[in-house]
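*Asks:* Got a structure for you, query_9.pdb, holding PDB, N, CA and C atoms.
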```pdb
ATOM      1  N   MET A   1      -6.212  44.010 -49.175
ATOM      2  CA  MET A   1      -5.248  43.412 -48.290
ATOM      3  C   MET A   1      -3.852  43.839 -48.729
ATOM      4  N   LYS A   2      -3.028  44.229 -47.749
ATOM      5  CA  LYS A   2      -1.662  44.634 -48.041
ATOM      6  C   LYS A   2      -0.857  43.424 -48.487
ATOM      7  N   ASN A   3       0.127  43.699 -49.324
ATOM      8  CA  ASN A   3       1.069  42.652 -49.658
ATOM      9  C   ASN A   3       1.927  42.386 -48.448
ATOM     10  N   ASN A   4       2.001  41.172 -48.039
ATOM     11  CA  ASN A   4       2.886  40.864 -46.933
ATOM     12  C   ASN A   4       3.778  39.712 -47.357
ATOM     13  N   PRO A   5       4.993  39.665 -46.840
ATOM     14  CA  PRO A   5       5.949  38.650 -47.284
ATOM     15  C   PRO A   5       5.433  37.231 -47.140
ATOM     16  N   GLU A   6       4.629  36.981 -46.096
ATOM     17  CA  GLU A   6       4.094  35.635 -45.913
ATOM     18  C   GLU A   6       3.171  35.262 -47.068
ATOM     19  N   ASN A   7       2.336  36.200 -47.525
ATOM     20  CA  ASN A   7       1.462  35.927 -48.661
ATOM     21  C   ASN A   7       2.268  35.655 -49.919
ATOM     22  N   GLU A   8       3.341  36.408 -50.128
ATOM     23  CA  GLU A   8       4.188  36.193 -51.288
ATOM     24  C   GLU A   8       4.833  34.814 -51.214
ATOM     25  N   HIS A   9       5.300  34.428 -50.034
ATOM     26  CA  HIS A   9       5.876  33.106 -49.839
ATOM     27  C   HIS A   9       4.843  32.040 -50.201
ATOM     28  N   GLU A  10       3.625  32.273 -49.753
ATOM     29  CA  GLU A  10       2.546  31.329 -50.008
ATOM     30  C   GLU A  10       2.323  31.138 -51.502
ATOM     31  N   LYS A  11       2.279  32.229 -52.261
ATOM     32  CA  LYS A  11       2.033  32.152 -53.698
ATOM     33  C   LYS A  11       3.103  31.339 -54.403
ATOM     34  N   VAL A  12       4.342  31.508 -53.978
ATOM     35  CA  VAL A  12       5.444  30.841 -54.640
ATOM     36  C   VAL A  12       5.536  29.373 -54.252
ATOM     37  N   HIS A  13       5.333  29.056 -52.981
ATOM     38  CA  HIS A  13       5.630  27.720 -52.483
ATOM     39  C   HIS A  13       4.416  26.825 -52.260
ATOM     40  N   MET A  14       3.223  27.284 -52.514
ATOM     41  CA  MET A  14       2.031  26.487 -52.238
ATOM     42  C   MET A  14       1.512  25.768 -53.482
ATOM     43  N   LYS A  15       2.417  25.361 -54.329
ATOM     44  CA  LYS A  15       1.991  24.726 -55.565
ATOM     45  C   LYS A  15       1.732  23.230 -55.424
ATOM     46  N   SER A  16       2.254  22.626 -54.356
ATOM     47  CA  SER A  16       2.005  21.204 -54.158
ATOM     48  C   SER A  16       1.452  20.963 -52.761
ATOM     49  N   LEU A  17       0.746  19.870 -52.628
ATOM     50  CA  LEU A  17       0.167  19.500 -51.338
ATOM     51  C   LEU A  17       1.260  19.314 -50.290
ATOM     52  N   VAL A  18       2.348  18.680 -50.667
ATOM     53  CA  VAL A  18       3.434  18.422 -49.723
ATOM     54  C   VAL A  18       4.067  19.726 -49.243
ATOM     55  N   SER A  19       4.324  20.672 -50.153
ATOM     56  CA  SER A  19       4.938  21.943 -49.735
ATOM     57  C   SER A  19       3.990  22.731 -48.844
ATOM     58  N   CYS A  20       2.709  22.640 -49.110
ATOM     59  CA  CYS A  20       1.719  23.342 -48.303
ATOM     60  C   CYS A  20       1.635  22.729 -46.902
ATOM     61  N   LEU A  21       1.628  21.410 -46.815
ATOM     62  CA  LEU A  21       1.606  20.739 -45.515
ATOM     63  C   LEU A  21       2.847  21.093 -44.697
ATOM     64  N   THR A  22       3.992  21.132 -45.345
ATOM     65  CA  THR A  22       5.242  21.497 -44.666
ATOM     66  C   THR A  22       5.162  22.919 -44.130
ATOM     67  N   PHE A  23       4.669  23.839 -44.955
ATOM     68  CA  PHE A  23       4.516  25.236 -44.538
ATOM     69  C   PHE A  23       3.591  25.332 -43.325
ATOM     70  N   LEU A  24       2.450  24.654 -43.380
ATOM     71  CA  LEU A  24       1.491  24.714 -42.278
ATOM     72  C   LEU A  24       2.051  24.100 -40.998
ATOM     73  N   GLN A  25       2.791  23.022 -41.120
ATOM     74  CA  GLN A  25       3.398  22.414 -39.933
ATOM     75  C   GLN A  25       4.350  23.402 -39.259
ATOM     76  N   LYS A  26       5.100  24.156 -40.056
ATOM     77  CA  LYS A  26       6.004  25.169 -39.502
ATOM     78  C   LYS A  26       5.234  26.298 -38.832
ATOM     79  N   GLN A  27       3.963  26.481 -39.213
ATOM     80  CA  GLN A  27       3.109  27.500 -38.613
ATOM     81  C   GLN A  27       2.354  26.971 -37.394
ATOM     82  N   GLY A  28       2.633  25.713 -36.997
ATOM     83  CA  GLY A  28       2.025  25.148 -35.802
ATOM     84  C   GLY A  28       0.835  24.232 -36.045
ATOM     85  N   PHE A  29       0.503  23.957 -37.303
ATOM     86  CA  PHE A  29      -0.612  23.065 -37.626
ATOM     87  C   PHE A  29      -0.073  21.626 -37.660
ATOM     88  N   GLU A  30       0.142  21.055 -36.468
ATOM     89  CA  GLU A  30       0.850  19.787 -36.351
ATOM     90  C   GLU A  30      -0.059  18.573 -36.259
ATOM     91  N   THR A  31      -1.293  18.759 -35.843
ATOM     92  CA  THR A  31      -2.237  17.652 -35.678
ATOM     93  C   THR A  31      -2.809  17.250 -37.031
ATOM     94  N   GLN A  32      -3.098  15.979 -37.181
ATOM     95  CA  GLN A  32      -3.880  15.525 -38.323
ATOM     96  C   GLN A  32      -5.288  15.257 -37.812
ATOM     97  N   PHE A  33      -6.272  15.714 -38.569
ATOM     98  CA  PHE A  33      -7.667  15.502 -38.206
ATOM     99  C   PHE A  33      -8.311  14.511 -39.166
ATOM    100  N   LYS A  34      -9.353  13.854 -38.664
ATOM    101  CA  LYS A  34     -10.139  12.924 -39.466
ATOM    102  C   LYS A  34     -11.601  13.115 -39.089
ATOM    103  N   VAL A  35     -12.470  13.220 -40.087
ATOM    104  CA  VAL A  35     -13.899  13.356 -39.805
ATOM    105  C   VAL A  35     -14.483  11.967 -39.579
ATOM    106  N   ILE A  36     -15.202  11.858 -38.472
ATOM    107  CA  ILE A  36     -15.898  10.627 -38.106
ATOM    108  C   ILE A  36     -17.368  10.989 -37.870
ATOM    109  N   PRO A  37     -18.265  10.029 -37.754
ATOM    110  CA  PRO A  37     -19.680  10.379 -37.571
ATOM    111  C   PRO A  37     -19.954  11.294 -36.370
ATOM    112  N   GLU A  38     -19.120  11.222 -35.321
ATOM    113  CA  GLU A  38     -19.348  12.039 -34.122
ATOM    114  C   GLU A  38     -18.783  13.455 -34.235
ATOM    115  N   GLY A  39     -17.955  13.739 -35.236
ATOM    116  CA  GLY A  39     -17.336  15.057 -35.396
ATOM    117  C   GLY A  39     -16.000  14.945 -36.094
ATOM    118  N   ILE A  40     -15.067  15.820 -35.712
ATOM    119  CA  ILE A  40     -13.726  15.774 -36.292
ATOM    120  C   ILE A  40     -12.761  15.340 -35.187
ATOM    121  N   LEU A  41     -12.007  14.308 -35.459
ATOM    122  CA  LEU A  41     -11.147  13.667 -34.474
ATOM    123  C   LEU A  41      -9.702  14.098 -34.656
ATOM    124  N   SER A  42      -9.064  14.509 -33.562
ATOM    125  CA  SER A  42      -7.632  14.783 -33.561
ATOM    126  C   SER A  42      -6.907  13.457 -33.423
ATOM    127  N   LEU A  43      -6.068  13.144 -34.384
ATOM    128  CA  LEU A  43      -5.312  11.900 -34.304
ATOM    129  C   LEU A  43      -4.136  12.030 -33.337
ATOM    130  N   LYS A  44      -3.859  13.244 -32.882
ATOM    131  CA  LYS A  44      -2.772  13.479 -31.918
ATOM    132  C   LYS A  44      -3.270  13.352 -30.473
ATOM    133  N   THR A  45      -4.415  13.970 -30.180
ATOM    134  CA  THR A  45      -4.907  14.002 -28.796
ATOM    135  C   THR A  45      -6.115  13.103 -28.565
ATOM    136  N   ASP A  46      -6.680  12.564 -29.635
ATOM    137  CA  ASP A  46      -7.857  11.704 -29.572
ATOM    138  C   ASP A  46      -9.109  12.456 -29.114
ATOM    139  N   LYS A  47      -9.096  13.789 -29.216
ATOM    140  CA  LYS A  47     -10.280  14.592 -28.890
ATOM    141  C   LYS A  47     -11.162  14.696 -30.127
ATOM    142  N   THR A  48     -12.462  14.731 -29.894
ATOM    143  CA  THR A  48     -13.423  14.922 -30.975
ATOM    144  C   THR A  48     -14.070  16.292 -30.806
ATOM    145  N   PHE A  49     -14.147  17.040 -31.905
ATOM    146  CA  PHE A  49     -14.726  18.379 -31.899
ATOM    147  C   PHE A  49     -15.950  18.421 -32.800
ATOM    148  N   HIS A  50     -16.923  19.227 -32.408
ATOM    149  CA  HIS A  50     -18.107  19.471 -33.226
ATOM    150  C   HIS A  50     -17.821  20.664 -34.150
ATOM    151  N   PRO A  51     -18.595  20.833 -35.211
ATOM    152  CA  PRO A  51     -18.350  21.940 -36.138
ATOM    153  C   PRO A  51     -18.276  23.315 -35.458
ATOM    154  N   SER A  52     -19.050  23.508 -34.404
ATOM    155  CA  SER A  52     -19.038  24.801 -33.704
ATOM    156  C   SER A  52     -17.771  25.010 -32.872
ATOM    157  N   GLN A  53     -16.964  23.967 -32.721
ATOM    158  CA  GLN A  53     -15.760  24.046 -31.889
ATOM    159  C   GLN A  53     -14.479  24.231 -32.696
ATOM    160  N   ILE A  54     -14.603  24.388 -34.008
ATOM    161  CA  ILE A  54     -13.425  24.597 -34.845
ATOM    162  C   ILE A  54     -13.660  25.759 -35.800
ATOM    163  N   ARG A  55     -12.556  26.225 -36.354
ATOM    164  CA  ARG A  55     -12.648  27.177 -37.457
ATOM    165  C   ARG A  55     -11.636  26.765 -38.508
ATOM    166  N   ILE A  56     -12.004  26.998 -39.742
ATOM    167  CA  ILE A  56     -11.101  26.735 -40.857
ATOM    168  C   ILE A  56     -10.338  28.039 -41.079
ATOM    169  N   VAL A  57      -9.053  28.020 -40.769
ATOM    170  CA  VAL A  57      -8.222  29.205 -40.871
ATOM    171  C   VAL A  57      -7.918  29.514 -42.336
ATOM    172  N   HIS A  58      -7.722  28.466 -43.118
ATOM    173  CA  HIS A  58      -7.402  28.620 -44.542
ATOM    174  C   HIS A  58      -7.656  27.285 -45.220
ATOM    175  N   TYR A  59      -7.852  27.317 -46.516
ATOM    176  CA  TYR A  59      -7.936  26.072 -47.265
ATOM    177  C   TYR A  59      -7.271  26.255 -48.612
ATOM    178  N   TYR A  60      -6.779  25.165 -49.154
ATOM    179  CA  TYR A  60      -6.042  25.164 -50.425
ATOM    180  C   TYR A  60      -6.610  24.062 -51.302
ATOM    181  N   ARG A  61      -6.805  24.367 -52.570
ATOM    182  CA  ARG A  61      -7.268  23.347 -53.523
ATOM    183  C   ARG A  61      -6.131  23.010 -54.474
ATOM    184  N   PHE A  62      -6.030  21.726 -54.795
ATOM    185  CA  PHE A  62      -4.998  21.243 -55.702
ATOM    186  C   PHE A  62      -5.648  20.401 -56.782
ATOM    187  N   GLU A  63      -5.167  20.545 -58.006
ATOM    188  CA  GLU A  63      -5.652  19.720 -59.112
ATOM    189  C   GLU A  63      -4.483  18.940 -59.670
ATOM    190  N   GLY A  64      -4.738  17.680 -59.968
ATOM    191  CA  GLY A  64      -3.699  16.851 -60.573
ATOM    192  C   GLY A  64      -3.370  17.369 -61.959
ATOM    193  N   GLU A  65      -2.089  17.467 -62.276
ATOM    194  CA  GLU A  65      -1.679  17.997 -63.573
ATOM    195  C   GLU A  65      -2.056  17.077 -64.712
ATOM    196  N   SER A  66      -1.965  15.766 -64.487
ATOM    197  CA  SER A  66      -2.252  14.835 -65.573
ATOM    198  C   SER A  66      -3.671  14.284 -65.518
ATOM    199  N   ASP A  67      -4.310  14.386 -64.365
ATOM    200  CA  ASP A  67      -5.646  13.820 -64.205
ATOM    201  C   ASP A  67      -6.504  14.764 -63.370
ATOM    202  N   PRO A  68      -7.460  15.467 -63.998
ATOM    203  CA  PRO A  68      -8.303  16.412 -63.251
ATOM    204  C   PRO A  68      -9.093  15.772 -62.114
ATOM    205  N   SER A  69      -9.319  14.460 -62.182
ATOM    206  CA  SER A  69     -10.049  13.816 -61.090
ATOM    207  C   SER A  69      -9.141  13.595 -59.882
ATOM    208  N   ASP A  70      -7.854  13.854 -60.053
ATOM    209  CA  ASP A  70      -6.889  13.728 -58.957
ATOM    210  C   ASP A  70      -6.790  15.070 -58.231
ATOM    211  N   SER A  71      -7.904  15.502 -57.677
ATOM    212  CA  SER A  71      -7.984  16.806 -57.022
ATOM    213  C   SER A  71      -8.164  16.624 -55.527
ATOM    214  N   SER A  72      -7.615  17.583 -54.755
ATOM    215  CA  SER A  72      -7.754  17.502 -53.303
ATOM    216  C   SER A  72      -7.882  18.897 -52.719
ATOM    217  N   ILE A  73      -8.323  18.934 -51.488
ATOM    218  CA  ILE A  73      -8.428  20.178 -50.737
ATOM    219  C   ILE A  73      -7.791  19.938 -49.370
ATOM    220  N   LEU A  74      -7.010  20.915 -48.938
ATOM    221  CA  LEU A  74      -6.321  20.862 -47.657
ATOM    222  C   LEU A  74      -6.909  21.945 -46.768
ATOM    223  N   TYR A  75      -7.376  21.554 -45.605
ATOM    224  CA  TYR A  75      -7.939  22.491 -44.633
ATOM    225  C   TYR A  75      -6.937  22.721 -43.513
ATOM    226  N   ALA A  76      -6.690  23.978 -43.156
ATOM    227  CA  ALA A  76      -5.920  24.340 -41.966
ATOM    228  C   ALA A  76      -6.951  24.649 -40.886
ATOM    229  N   ILE A  77      -6.932  23.887 -39.806
ATOM    230  CA  ILE A  77      -7.999  23.902 -38.800
ATOM    231  C   ILE A  77      -7.453  24.318 -37.439
ATOM    232  N   GLU A  78      -8.242  25.144 -36.739
ATOM    233  CA  GLU A  78      -7.912  25.485 -35.357
ATOM    234  C   GLU A  78      -9.132  25.213 -34.492
ATOM    235  N   ALA A  79      -8.929  24.423 -33.446
ATOM    236  CA  ALA A  79     -10.005  24.124 -32.501
ATOM    237  C   ALA A  79     -10.066  25.211 -31.433
ATOM    238  N   LEU A  80     -11.207  25.318 -30.767
ATOM    239  CA  LEU A  80     -11.380  26.331 -29.719
ATOM    240  C   LEU A  80     -10.375  26.188 -28.586
ATOM    241  N   ASP A  81      -9.875  24.989 -28.361
ATOM    242  CA  ASP A  81      -8.895  24.791 -27.284
ATOM    243  C   ASP A  81      -7.473  25.141 -27.726
ATOM    244  N   GLY A  82      -7.327  25.613 -28.975
ATOM    245  CA  GLY A  82      -6.027  26.035 -29.485
ATOM    246  C   GLY A  82      -5.295  24.994 -30.310
ATOM    247  N   GLU A  83      -5.790  23.772 -30.320
ATOM    248  CA  GLU A  83      -5.138  22.740 -31.130
ATOM    249  C   GLU A  83      -5.264  23.093 -32.611
ATOM    250  N   LYS A  84      -4.158  22.944 -33.341
ATOM    251  CA  LYS A  84      -4.139  23.291 -34.760
ATOM    252  C   LYS A  84      -3.635  22.112 -35.579
ATOM    253  N   GLY A  85      -4.292  21.909 -36.717
ATOM    254  CA  GLY A  85      -3.889  20.798 -37.565
ATOM    255  C   GLY A  85      -4.483  20.899 -38.951
ATOM    256  N   THR A  86      -4.378  19.807 -39.686
ATOM    257  CA  THR A  86      -4.811  19.781 -41.077
ATOM    258  C   THR A  86      -5.716  18.590 -41.358
ATOM    259  N   LEU A  87      -6.463  18.722 -42.431
ATOM    260  CA  LEU A  87      -7.307  17.647 -42.943
ATOM    261  C   LEU A  87      -7.241  17.717 -44.457
ATOM    262  N   VAL A  88      -6.986  16.590 -45.091
ATOM    263  CA  VAL A  88      -6.953  16.516 -46.549
ATOM    264  C   VAL A  88      -8.151  15.696 -47.002
ATOM    265  N   ASP A  89      -8.832  16.200 -48.035
ATOM    266  CA  ASP A  89      -9.989  15.499 -48.596
ATOM    267  C   ASP A  89      -9.894  15.564 -50.111
ATOM    268  N   GLY A  90     -10.593  14.651 -50.766
ATOM    269  CA  GLY A  90     -10.736  14.745 -52.207
ATOM    270  C   GLY A  90     -11.583  15.962 -52.527
ATOM    271  N   TYR A  91     -11.564  16.390 -53.768
ATOM    272  CA  TYR A  91     -12.331  17.561 -54.163
ATOM    273  C   TYR A  91     -13.282  17.182 -55.287
ATOM    274  N   GLY A  92     -14.472  17.773 -55.263
ATOM    275  CA  GLY A  92     -15.469  17.489 -56.306
ATOM    276  C   GLY A  92     -16.039  16.102 -56.139
ATOM    277  N   THR A  93     -16.050  15.332 -57.226
ATOM    278  CA  THR A  93     -16.638  13.993 -57.177
ATOM    279  C   THR A  93     -15.829  13.037 -56.314
ATOM    280  N   GLU A  94     -14.594  13.390 -55.998
ATOM    281  CA  GLU A  94     -13.727  12.534 -55.186
ATOM    282  C   GLU A  94     -13.831  12.832 -53.688
ATOM    283  N   SER A  95     -14.686  13.776 -53.314
ATOM    284  CA  SER A  95     -14.756  14.173 -51.907
ATOM    285  C   SER A  95     -15.485  13.120 -51.066
ATOM    286  N   ASP A  96     -15.142  13.113 -49.791
ATOM    287  CA  ASP A  96     -15.772  12.226 -48.819
ATOM    288  C   ASP A  96     -17.049  12.910 -48.339
ATOM    289  N   GLY A  97     -18.182  12.255 -48.482
ATOM    290  CA  GLY A  97     -19.467  12.841 -48.097
ATOM    291  C   GLY A  97     -19.535  13.239 -46.630
ATOM    292  N   LEU A  98     -18.876  12.497 -45.771
ATOM    293  CA  LEU A  98     -18.848  12.806 -44.347
ATOM    294  C   LEU A  98     -18.105  14.126 -44.098
ATOM    295  N   VAL A  99     -16.980  14.313 -44.793
ATOM    296  CA  VAL A  99     -16.211  15.559 -44.665
ATOM    297  C   VAL A  99     -17.032  16.731 -45.210
ATOM    298  N   THR A 100     -17.640  16.544 -46.368
ATOM    299  CA  THR A 100     -18.447  17.602 -46.981
ATOM    300  C   THR A 100     -19.577  18.035 -46.050
ATOM    301  N   ALA A 101     -20.293  17.078 -45.485
ATOM    302  CA  ALA A 101     -21.401  17.394 -44.574
ATOM    303  C   ALA A 101     -20.885  18.124 -43.338
ATOM    304  N   PHE A 102     -19.751  17.684 -42.792
ATOM    305  CA  PHE A 102     -19.175  18.335 -41.619
ATOM    306  C   PHE A 102     -18.800  19.774 -41.945
ATOM    307  N   MET A 103     -18.129  19.991 -43.072
ATOM    308  CA  MET A 103     -17.672  21.334 -43.442
ATOM    309  C   MET A 103     -18.840  22.290 -43.678
ATOM    310  N   HIS A 104     -19.963  21.766 -44.149
ATOM    311  CA  HIS A 104     -21.149  22.618 -44.330
ATOM    312  C   HIS A 104     -21.683  23.146 -43.002
ATOM    313  N   GLU A 105     -21.356  22.475 -41.912
ATOM    314  CA  GLU A 105     -21.831  22.891 -40.596
ATOM    315  C   GLU A 105     -20.854  23.825 -39.866
ATOM    316  N   VAL A 106     -19.638  23.948 -40.397
ATOM    317  CA  VAL A 106     -18.637  24.834 -39.769
ATOM    318  C   VAL A 106     -19.024  26.278 -40.044
ATOM    319  N   ASN A 107     -19.101  27.083 -38.985
ATOM    320  CA  ASN A 107     -19.532  28.476 -39.127
ATOM    321  C   ASN A 107     -18.440  29.409 -39.615
ATOM    322  N   GLU A 108     -17.205  29.145 -39.247
ATOM    323  CA  GLU A 108     -16.130  30.060 -39.575
ATOM    324  C   GLU A 108     -15.133  29.410 -40.525
ATOM    325  N   ILE A 109     -15.223  29.830 -41.789
ATOM    326  CA  ILE A 109     -14.294  29.344 -42.814
ATOM    327  C   ILE A 109     -13.677  30.564 -43.475
ATOM    328  N   SER A 110     -12.355  30.647 -43.416
ATOM    329  CA  SER A 110     -11.639  31.796 -43.983
ATOM    330  C   SER A 110     -10.691  31.332 -45.066
ATOM    331  N   LYS A 111     -10.455  32.185 -46.019
ATOM    332  CA  LYS A 111      -9.415  31.957 -47.028
ATOM    333  C   LYS A 111      -8.719  33.283 -47.191
ATOM    334  N   TYR A 112      -7.503  33.360 -46.689
ATOM    335  CA  TYR A 112      -6.733  34.600 -46.747
ATOM    336  C   TYR A 112      -5.973  34.731 -48.023
TER     337      TYR A 112
END
```
What is this structure when it is put down as structure tokens?

*Replies:*
Amino acid sequence: MKNNPENEHEKVHMKSLVSCLTFLQKQGFETQFKVIPEGILSLKTDKTFHPSQIRIVHYYRFEGESDPSDSSILYAIEALDGEKGTLVDGYGTESDGLVTAFMHEVNEISKY
């Protein structure tokens, strides 16, 4: 992969969950998603999507500096209808089983 300025920006500024969320919002990932038993729910439009109706454009993992159990993962999500947003989950033993099961069913997961 070629070095591109956006990737360099990402390396420098993606050290915290807050900076990453801010960056993604500027890229159009404005919706917040929540996994529910029926699928993944847009808290902006109240639409529910099945795993086959979304793709994970990118994901970021964060570890707490003082407490390794304070870990999280941020998903940048795009639905087939073009809606874009984020979902934050715990990582490892702190993860939500519903989110984990949903993500296992998603066919398209990318990490650029």

*Asks:* Would you pick out the contacts of A:Gly39 at 9 Å or less, using only C-alpha atoms, so that residues sharing its chain but fewer than 6 positions from it are not included, and give the list as a ChimeraX atom specification?

*Replies:* /A:48-51,102

*Asks:* When DSSP is applied to the backbone of this structure, which of stretch 21-54 of chain A are assigned helix (DSSP H, G or I)? Write them out as a PyMOL selection string.

*Replies:* chain A and resi 21-26+51-53

*Asks:* Carefully work through the PyMOL selection byres (((chain A and resi 47 and name CA) around 12) and name CA) for this structure and note down the residues it includes, as a list of chain:residue names.

*Replies:*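 On the file shown, the PyMOL selection byres (((chain A and resi 47 and name CA) around 12) and name CA) covers A:Thr31, A:Gln32, A:Phe33, A:Lys34, A:Val35, A:Ile36, A:Glu38, A:Gly39, A:Ile40, A:Leu41, A:Ser42, A:Leu43, A:Lys44, A:Thr45, A:Asp46, A:Thr48, A:Phe49, A:His50, A:Gln53, A:Ala79, A:Leu80, A:Asp81, A:Glu83.
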
*Asks:* Could you tell me which residues the PyMOL selection byres (((chain A and resi 85-100 and name CA) around 8) and name CA) returns for this structure, as a PyMOL selection string?

*Replies:* chain A and resi 21+25+28-37+61+69-78+83-84+101-104

*Asks:* One decimal, in Å: what's the spacing between atom CA of A:Ser16 and atom CA of A:Glu105?

*Replies:*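 Atom CA of A:Glu105 lies 27.5 Å from atom CA of A:Ser16.
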
*Asks:* Give me, please, the distance in Å between atom CA of A:Leu17 and atom CA of A:His58, quoted to one decimal.

*Replies:*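 Result for atom CA of A:Leu17 versus atom CA of A:His58: 13.7 Å, one decimal.
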
*Asks:* So which one's closest to A:Asn107, A:Arg55, A:Lys15, A:Glu63, A:Leu24? Using all atoms listed in the file, please.

*Replies:*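 Closest to A:Asn107 of all the choices is A:Arg55.
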
*Asks:* Measure the distance from atom CA of A:Ile109 to atom C of A:Ile54 in Å and round it to one decimal.

*Replies:*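 Value for the atom CA of A:Ile109-atom C of A:Ile54 distance: 7.9 Å.
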
*Asks:* What residues in stretch 9-88 of chain A get the DSSP label strand (DSSP E or B)? Please answer as an NGL selection string.

*Replies:* :A and (31-36 or 39-42 or 48-49 or 54-62 or 72-79 or 84-88)

*Asks:* Box time for stretch 70-84 of chain A: axis-aligned, enclosing all its listed atoms, 4 Å extra on each side; report centre and edge lengths in Å to one decimal, as lines of an AutoDock Vina configuration file.

*Replies:*
```
center_x = -7.5
center_y = 20.0
center_z = -43.7
size_x = 15.7
size_y = 20.6
size_z = 40.8
```
